[in-house]
Each structure stands twice: as structure tokens, then as C-alpha cells.
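Read the structure below first, then the notes.
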Protein chains: 2
Amino acid sequence: MDLHEEMIQTGTQALQASRELIMLGTRKKNSILQAMADGLESQKENIKTANKLDMDEAKNNGLAPAMLDRLLLTDGRIDSMIRGLRAVADLKDPVGSKISRWIRPNGLEIIKQRVPIGVIGIIYESRPNVTADTAALCFKTSNAVILRGGKEAIHSNAAIAEALIAGGLKKGLPEKAIQLIKTTDREAVKELVQLEGLVDLAIPRGGEALIRAVTEQARIPVIKHYKGLCHTYIDAKANLQMALDITVNAKCQRPGVCNALETLLVHKEIANEFLPQLATAMEKYNVELRGDEAARAIVPAMKEAVESDWAEEYLELILSVKVVDSGQDAIDHINKYGSRHSDAIITESTAAKKQFTQEVDSSTVYINASTRFTDGSEFGMGAEIGISTDKLHARGPMGLEELTTYKYIISGTGQVRE
Amino acid sequence: MDLHEEMIQTGTQALQASRELIMLGTRKKNSILQAMADGLESQKENIKTANKLDMDEAKNNGLAPAMLDRLLLTDGRIDSMIRGLRAVADLKDPVGSKISRWIRPNGLEIIKQRVPIGVIGIIYESRPNVTADTAALCFKTSNAVILRGGKEAIHSNAAIAEALIAGGLKKGLPEKAIQLIKTTDREAVKELVQLEGLVDLAIPRGGEALIRAVTEQARIPVIKHYKGLCHTYIDAKANLQMALDITVNAKCQRPGVCNALETLLVHKEIANEFLPQLATAMEKYNVELRGDEAARAIVPAMKEAVESDWAEEYLELILSVKVVDSGQDAIDHINKYGSRHSDAIITESTAAKKQFTQEVDSSTVYINASTRFTDGSEFGMGAEIGISTDKLHARGPMGLEELTTYKYIISGTGQVRE
């Protein structure tokens with residue numbers, strides 16, 4: 001069997017499993033999720049052994065320390081996966097709930113009901129915990145899942161998937177509800193995202209190259225979890241102490257994540273007062289500031305920001321700073337360079353709030369708060385499968401509801417069309 | 001300027017227009033829609049002259065009579081477009097409405113608000129009224145639209161678009177909110193659906209070849225309006241008179257549309273009683289029946305159905321008929337051959353209803369009613385831009401709400417992440 005045939009088989013099995021998943025009730029699914037957690041628990045040593053294989057190979061290949069750290073599975077990290085599975089079991093099941101219901105004048109009753117999407121392909125890199133996390137979320141929403149992890153984590157991912165499946169089978173997990181692609185051939189991704197009629201959705205989670213490849217090759221719908229080039233705009237009417245606290249938090253609390261601040265926009269009227277305070281505060285956190293000409297005229301110690309700085313997601317302790325003439329200028333800058341992820345305004349002005357939230361074209365727009373809150377659990381979703389930077393189907397943090405679609409169920413008493 | 005550059009310019013202008021559209025209130029938009037209708041009214045003669053050019057060319061090219069009829073614009077059809085525009089003005093505007101709102105324990109207020117998608121590309125064939133209908137729906141929802149009609153209707157489409165735009169501009173339509181691609185070069189479609197970052201969504205409306213081409217070439221999200229291979233299943237517990245009335249309606253009332261019935265599945269327990277009645281009724285409407293072996297054993301006058309019959313959207317007075325052993329067989333047949341559009345069960349059995357509506361994987365599932373009701377206005381949506389056979393973002397009839405997405409607007413008082 002060649003790769004093409006193998007992937008068609010994988011997709012066909014997933015589709016079949018998705019039909020079986022539709023028939024499982026919430027209680028049954030939750031007991032399977034607990035059994036999947038038990039499976040991980042009992043396979044801890046196997047998982048660590050598999051992870052050691054990946055780690056040794058990664059060290060031999062000279063992987064960067066940050067990447068090695070992402071790959072590493074400790075007891076603590078496996079325990080956290082197990083807790084994650086049990087937490088998903090405790091979440092409310094959206095499948096089967098009524099979104100709306102109405103009666104037409106001819107007596108037809110229309111119910112718009114939440115149903116699973118069907119078969120979901122997840123394409124991801126490095127962190128092996130994604131295997132357990134996404135399998136749990138897809139299963140909870142009665143979707144079959146095809147997992148395609150990174151080459152560097154193949155042994156860890158396989159051990160985790162095997163543990164989950166072995167555990168789940170004991171309580172009635174449909175056999176092919178969770179499948180992991182074992183080949184590391186890059187062509188498998190292309191085959192996966194072209195399985196029209198078998199796979200309903202692809203969610204790529206990873207770097208720009210991965211997402212670009214998926215988007216170019218896909219013939220099925222894709223929801224992208226792209227970069228987060230987040231802005232905060234300090235308006236002329238801002239509370240400057242609040243502005244400073246929020247800026248420090250958004251930039252420094254965890255700089256390596258997608259909802260961290262990358263570019264600060266400062267209204268010219270308060271730049272003289274605010275920027276020196278900013279420079280002092282940022283020095284404490286060893287943040288490198290890169291300013292435009294106007295910002296450097298006020299704080300000459302700043303490095304010079306070049307055009308490419310406005311388009312860069314640093315993911316480290318670097319902040320680009322630009323002085324703007326107006327709220328409109330800030331909005332235009334964000335819509336030009338931003339990634340439609342999360343952007344904030346700090347202001348006490350009602351008009352400025354309204355204009356900013358209406359015109360900034362991002363999934364999440366903040367007034368007087370840190371962009372760091374763009375996150376499924378901070379939103380109260382309980383868990384997230386990613387943060388969509390697309391506009392279709394799901395935007396922003398994607399929880400369980402976003403892993404469902406709907407169908408219309410129409411009940412009549414013999415109605416025909418006139 | 002080559003085609004590639006031209007399309008990037010079109011997309012960039014649309015994106016700019018979409019920013020302007022966000023700022024228009026409902027009342028303003030409605031007055032522009034009325035002005036667009038006035039524009040059509042005043043350009044009636046021009047439109048008919050342009051349509052004559054298309055008709056003459058189509059006749060010279062030997063277009064089939066059915067296609068010629070779809071292309072033809074009469075006074076009545078233009079009046080119907082005008083009424084359509086005014087009706088869209090009267091519909092409720094979904095933009096800006098709150099989908100939900102909640103407060104987090106840290107005091108952050110999260111509002112999930114409906115917003116326009118941004119820029120929508122519509123790719124369609126023949127019927128020139130689509131130009132006016134889709135332009136109106138996209139504009140009402142504050143989306144910029146790029147229209148790409150069929151070559152055969154190019155003069156009609158251009159005249160309609162010009163009339164709409166000229167009318168709308170008088171009341172403040174953003175100049176590039178509605179653009180029609182004037183080149184008939186097929187490459188333009190490919191360029192359009194690859195305008196990542198400029199165009200947010202492509203909606204192809206037309207035949208299988210068009211939809212396949214768009215899906216293969218697209219790098220932007222696509223919502224397909226595919227074929228409708230609709231089934232009705234007559235259960236063992238059906239009211240047979242109701243079953244007969246619904247079958248006749250679903251097949252004969254308008255056979256050329258996507259929600260018409262194509263395949264009838266009949267439970268073996270009632271086949272002996274039902275099929276002769278069906279044959280008598282269908283004869284009156286000149287419907288050709290194509291049955292499987294079991295059906296033909298009961299009604300020998302039926303033609304023989306071959307494998308390809310189960311996969312064919314006839315769109316004419318032909319009905320394929322299959323006798324099934326159980327509800328499960330009917331469901332399996334529908335999930336295998338259907339197009340995920342609309343399928344019905346006729347039964348008085350609660351268990352059969354439940355199983356059918358849960359397991360049939362279609363956008364709209366009917367109990368004791370004709371599939372012909374899958375339609376935006378029959379659903380009470382007021383208008384529709386198409387019927388999605390996809391599962392992501394929108395499923396089934398797409399009205400105004402389905403032309404919107406959402407953003408999260410989060411208001412704080414200085415909240416930072418711990």
C-alpha cells in the first residue's frame with residue numbers, strides 16, 4: 001500500500017468512526033475520557049522511554065535548547081496531560097444542544113442543533129502534550145481525529161496515542177476514533193489535507209512554514225492558528241499608570257506566546273510624559289526598545305526601528321515603539337501590520353474606545369486590559385484547541401463549541417411546498 | 001498592468017472599501033440599497049440592451065434553450081431584482097448585534113459581537129440576477145464584494161453592476177464596495193481565490209466543474225454551494241398517503257432545483273403496498289422511475305437502476321427507487337451517496353425519527369415534510385446567498401447572519417495576567 005492509499009484508508013476509517021461517535025452519549029464519552037487518562041497513567045514509563053529516544057535523537061541533531069525543552073516529557077508534564085484529560089471529561093458537552101428553535105407559519109418546527117464536525121486533522125509540531133490535549137477535545141465533541149505530529153516527537157506521540165487508545169478501548173472508544181499518522185514523510189500532510197469527503201477540517205498548529213504549506217495544499221477547510229503580532233495603543237486620554245502596568249504585563253509576563261505584546265503605539269500628546277517612564281520600567285525587565293524617529297527623539301537610548309520591525313513577532317524581550325498622530329493612525333497601523341489576533345487600547349475616552357473596537361479588524365480587541373487574556377481558559381471556555389486568526393467558522397480562542405457545527409432538524413405533519 | 005496585478009489592485013480596493021463599510025450605520029445602508037434599486041429602475045433599458053448582446057452571442061454559440069432562458073432578462077425579471085433589493089433593505093441588520101456577553105471573575109467584560117466578514121468573492125454562472133442579489137446581501141452585511149459572473153452574461157452583469165453602483169454612489173456607497181471583474185479570462189478566478197490577506201471568503205455558485213476548480217485553486221476559505229442529491233425514506237411505520245403526497249411534491253413541484261427529490265428509499269415491509277401507488281401517482285407527472293431489483297419485482301414497468309443512478313442529481317423528472325431492509329440501511333445509503341444537503345424520513349415511529357435525524361449527516365434533515373423547504377425564505381431568513389453543503393462556518397441556507405463573523409470586545413479597568 002503506498003502513502004496515498006494508506007491515507008485514504010486512514011480517512012475512511014476515521015469517517016466510519018465518526019458515525020459511531022455520533023451514537024455515544026455524554027456520560028459514555030466521559031467515562032472513556034477517564035479511561036484514556038488511566039491509560040496514560042499506566043503507561044507513564046513507556047512514554048518516558050519513548051521520549052528519551054526522541055530527546056537523544058534531537059540532541060544528536062543539535063536541536064536548540066528551547067526546542068529540546070518543548071520536547072521533554074517529565075513526570076510533571078505527563079501528570080499535567082492526565083489532569084487535562086480529566087478536566088475535559090468534566091466540561092459541558094456541546095453536542096446535541098439546541099442553538100435555536102422556531103415554528104414557521106405552515107407549522108414546520110425548525111431546530112438548529114449542534115452536531116460534531118465529523119473528522120478533524122490536526123497538524124502540529126514539537127510539544128507532545130498536543131497529542132493528548134487535542135485527542136481529548138476532539139473526542140469530547142464526538143469528532144474522529146487524525147493526528148500528525150512533528151518528526152522530532154514521533155516516538156513520544158506514538159506512545160501517548162497508544163496509551164490513550166488502549167485506555168479508551170476498555171470503555172468502548174470506537175477503534176479508529178483517534179489515529180496517529182506514524183510515517184514522518186512530509187507528503188503525508190499533503191495527502192491528509194486533500195482528503196475531500198473524508199476529512200472535514202484541518203487545524204495546523206505551528207510555525208509559518210507549516211501553516212503556509214497546509215494552506216497551499218489543502219482542498220479541505222483549514223482553520224489557521226497563525227502568529228500573534230499584538231499591539232497596544234496608548235491614547236492621549238489614557239491613565240498613564242494603567243498604561244504602564246498593562247504594557248509591562250503584556251510584554252514581560254510571558255514573552256514567548258502569541259498573545260504577548262510586540263508593538264506599542266503611543267499618542268504624540270502623551271509621548272513626552274509616557275516614553276521616559278516606559279524606558280525606565282522596561283529596563284528593569286531587560287526589554288530592548290526599538291523606536292521610530294519620534295520615539296527616539298524623546299528616549300535617545302532606544303534602538304532604531306526599521307520597517308521590518310513592525311511586521312515581526314519577536315516572541316522575546318524586544319518591543320517596537322511608534323509615536324502616532326491619532327487613534328486613526330494607530331488603527332491603520334494595526335490593520336496594516338497586525339495579525340488579526342489581539343490588540344488593545346488604553347484610554348478613558350468613550351469615542352476613542354468605540355472607534356478602536358469598531359475599526360480594528362482583530363479577533364479580540366481590548367479596552368484597558370492586557371492582550372495576554374486571549375486564551376480559552378481565560379475566556380472561561382475550559383480548554384482550547386487553538387486560537388484562530390481566521391475569520392470563518394471560529395475566530396479567537398477555539399473551545400469545545402468551536403469544534404462543532406450544526407444541522408437543521410425539521411419536523412412536519414405532511415407539509416409540502418405550494 | 002497584468003492580470004495578477006489587476007486582481008491584487010481589485011482586492012486591495014475591496015479591503016479599503018470594507019474598512020469604510022464598517023463605519024456605515026443600518027439606516028445609511030438601507031438608504032443606499034434603495035438608491036441601488038432606483039439605479040436599476042432608471043437603467044432598465046440599458047440593461048435590456050446589454051442582455052440582448054449576451055443573448056445574441058449565446059444563440060450564435062448554440063447555447064441550450066434552458067441556458068438561454070436562464071440568461072434572459074425581461075422587464076418582469078428586472079422588476080423582481082428591484083423588489084429583491086428593496087426587500088433586503090427591509091431585513092434586519094445582523095451587524096453589531098451581541099451574540100453573547102459575560103463577565104469573568106477578574107471583572108473583564110467579554111462581548112461576542114457580530115461583525116462583517118470583510119471581503120467576499122462570489123463566483124457564479126449564467127443567471128444575471130445573481131449580480132444584484134448577492135451585491136445587495138453582501139452590502140447589507142457591510143461586506144465588500146468582488147463579483148465574477150459567467151462569460152456568457154458579461155454584458156448583462158456589467159450593466160447591472162454599473163446601475164447598482166451609480167445608484168448607490170448617490171447616497172454614499174463606498175466606491176469600491178461592489179466590484180465586478182470585467183475580464184472573461186479564466187485565470188481571473190484562480191487569482192481571485194488566491195488573494196490571501198485581501199479576500200476573506202470565496203463562494204462559488206454553479207456546476208461541479210466550477211466548484212472543483214475553485215476548491216483546488218483556493219488559498220482562502222471557500223463555502224461551497226454544491227449539488228443536492230436529496231433522499232426521502234419511507235419507513236415501515238409511515239403514513240402512506242402522506243408519504244405519497246410528500247414524494248410527489250418533492251420530486252415534481254420543481255424538479256430542476258437542488259432541494260428536489262432524486263432517490264426514494266422504501267422499507268421492504270411496506271414496499272408491496274406503496275410502490276404500486278407510487279407508480280400510479282408518478283405516471284400522472286410523467287416521472288421516469290428507475291428501480292433496484294426488489295422494486296422492479298413489485299413494479300416491473302420500472303426501468304433498471306444502475307450503480308451510477310444512486311450518485312446522480314437528475315434535476316429532471318426521473319426518480320431512482322430502492323427497497324431497503326431497515327432504517328439503518330436507508331441511513332447508510334444516504335451517507336454514502338448523498339450530498340449532505342436535504343434528506344427526509346416519513347414515519348410515525350419516534351425511534352425511527354430519532355435514529356434518522358441523528359445519523360444522517362446532512363445540513364437539513366426532515367421528518368414528515370418535503371425536502372423542497374430547504375431555502376432561505378422558507379426558513380424565514382428573508383433571503384439567501386446560497387445553500388452551503390459544507391460543514392464549516394455555515395451549513396444549509398445562508399442568510400444575512402451567515403455573511404457575518406464575530407469579534408470579541410473585552411473591556412477592563414487595568415486587568416493584567418497573573
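A note on labels: chains of the C-alpha cells are A, B, ... as shown, every chain counts residues from 1, and ligands are counted from 1 in their shown order.
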
Would you please give, as a count of residues only, all residues of stretch 282-418 of chain A that DSSP assigns to alpha helix (DSSP H) based on the backbone? 34

Could you write out as a list in words the residues of chain A within 6 Å of chain B, counting only C-alpha atoms? Thr215, Glu216, Arg219, Met242, Ile246, Ser363, Thr364, Val365, Tyr366, Ile367, Asn368, Ala369, Ser370, Leu392, His393, Lys407, Tyr408, Ile409, Ile410, Ser411, Gly412, Thr413, Gly414, Gln415 and Val416 of chain A

Need the shell around stretch 138-149 of chain A: protein/DNA/RNA residues with any atom at most 6 Å away, counting only C-alpha atoms. Skip same-chain ones fewer than 6 positions apart. Format as a list of chain:residue names?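 Near neighbours after the sequence-gap exclusion: A:Ala14, A:Ser18, A:Leu21, A:Pro116, A:Gly118, A:Val119, A:Ile120, A:Gly121, A:Ile122, A:Ile123, A:Tyr124, A:Glu125, A:Ala177, A:Ile178, A:Gln179, A:Leu180, A:Ile181.
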
Expected file contents, prior selection, N, CA and C atoms, as a PDB file, in the first residue's frame:
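Written file, result_38.pdb:
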ATOM      1  N   ALA A  14     -11.528   6.862   9.751  1.00  0.00           N
ATOM      2  CA  ALA A  14     -11.941   7.971  10.625  1.00  0.00           C
ATOM      3  C   ALA A  14     -13.408   8.320  10.379  1.00  0.00           C
ATOM      4  N   SER A  18     -16.392   8.232  12.973  1.00  0.00           N
ATOM      5  CA  SER A  18     -17.196   9.424  13.288  1.00  0.00           C
ATOM      6  C   SER A  18     -18.682   9.072  13.318  1.00  0.00           C
ATOM      7  N   LEU A  21     -19.178   7.543  16.674  1.00  0.00           N
ATOM      8  CA  LEU A  21     -19.066   8.538  17.747  1.00  0.00           C
ATOM      9  C   LEU A  21     -20.376   9.286  17.958  1.00  0.00           C
ATOM     10  N   PRO A 116     -21.358  17.203  15.826  1.00  0.00           N
ATOM     11  CA  PRO A 116     -19.913  17.166  15.598  1.00  0.00           C
ATOM     12  C   PRO A 116     -19.585  17.623  14.176  1.00  0.00           C
ATOM     13  N   GLY A 118     -17.195  16.099  12.413  1.00  0.00           N
ATOM     14  CA  GLY A 118     -17.008  14.822  11.717  1.00  0.00           C
ATOM     15  C   GLY A 118     -15.604  14.286  11.912  1.00  0.00           C
ATOM     16  N   VAL A 119     -14.730  14.581  10.952  1.00  0.00           N
ATOM     17  CA  VAL A 119     -13.340  14.137  11.041  1.00  0.00           C
ATOM     18  C   VAL A 119     -12.436  15.359  10.985  1.00  0.00           C
ATOM     19  N   ILE A 120     -11.542  15.463  11.966  1.00  0.00           N
ATOM     20  CA  ILE A 120     -10.649  16.618  12.050  1.00  0.00           C
ATOM     21  C   ILE A 120      -9.203  16.146  11.973  1.00  0.00           C
ATOM     22  N   GLY A 121      -8.419  16.803  11.137  1.00  0.00           N
ATOM     23  CA  GLY A 121      -6.983  16.538  11.063  1.00  0.00           C
ATOM     24  C   GLY A 121      -6.215  17.623  11.804  1.00  0.00           C
ATOM     25  N   ILE A 122      -5.349  17.204  12.734  1.00  0.00           N
ATOM     26  CA  ILE A 122      -4.546  18.181  13.480  1.00  0.00           C
ATOM     27  C   ILE A 122      -3.091  18.003  13.057  1.00  0.00           C
ATOM     28  N   ILE A 123      -2.469  19.065  12.588  1.00  0.00           N
ATOM     29  CA  ILE A 123      -1.076  19.012  12.153  1.00  0.00           C
ATOM     30  C   ILE A 123      -0.288  19.936  13.074  1.00  0.00           C
ATOM     31  N   TYR A 124       0.684  19.371  13.786  1.00  0.00           N
ATOM     32  CA  TYR A 124       1.342  20.158  14.824  1.00  0.00           C
ATOM     33  C   TYR A 124       2.820  19.824  14.904  1.00  0.00           C
ATOM     34  N   GLU A 125       3.526  20.633  15.686  1.00  0.00           N
ATOM     35  CA  GLU A 125       4.979  20.478  15.817  1.00  0.00           C
ATOM     36  C   GLU A 125       5.363  20.294  17.284  1.00  0.00           C
ATOM     37  N   ALA A 177     -11.337   6.099  16.260  1.00  0.00           N
ATOM     38  CA  ALA A 177     -11.723   7.468  16.608  1.00  0.00           C
ATOM     39  C   ALA A 177     -10.504   8.365  16.763  1.00  0.00           C
ATOM     40  N   ILE A 178      -9.395   7.782  17.188  1.00  0.00           N
ATOM     41  CA  ILE A 178      -8.143   8.527  17.347  1.00  0.00           C
ATOM     42  C   ILE A 178      -7.082   7.775  16.554  1.00  0.00           C
ATOM     43  N   GLN A 179      -6.522   8.428  15.549  1.00  0.00           N
ATOM     44  CA  GLN A 179      -5.462   7.796  14.767  1.00  0.00           C
ATOM     45  C   GLN A 179      -4.273   8.749  14.702  1.00  0.00           C
ATOM     46  N   LEU A 180      -3.085   8.168  14.823  1.00  0.00           N
ATOM     47  CA  LEU A 180      -1.859   8.966  14.687  1.00  0.00           C
ATOM     48  C   LEU A 180      -1.141   8.494  13.434  1.00  0.00           C
ATOM     49  N   ILE A 181      -0.766   9.436  12.587  1.00  0.00           N
ATOM     50  CA  ILE A 181      -0.017   9.069  11.380  1.00  0.00           C
ATOM     51  C   ILE A 181       1.414   8.758  11.797  1.00  0.00           C
TER      52      ILE A 181
END

If you count only C-alpha atoms, which residues fall within 8 Å of B:Met302, apart from same-chain ones fewer than 5 positions away, as an MDAnalysis selection string? chainID B and resid 288:291 295:296

Tell me which protein, DNA and RNA residues are within 7 Å of B:Ala153, counting only C-alpha atoms, leaving out same-chain ones fewer than 3 positions away, and put them as a ChimeraX atom specification. /B:54,71,126,128,149-150,156-157
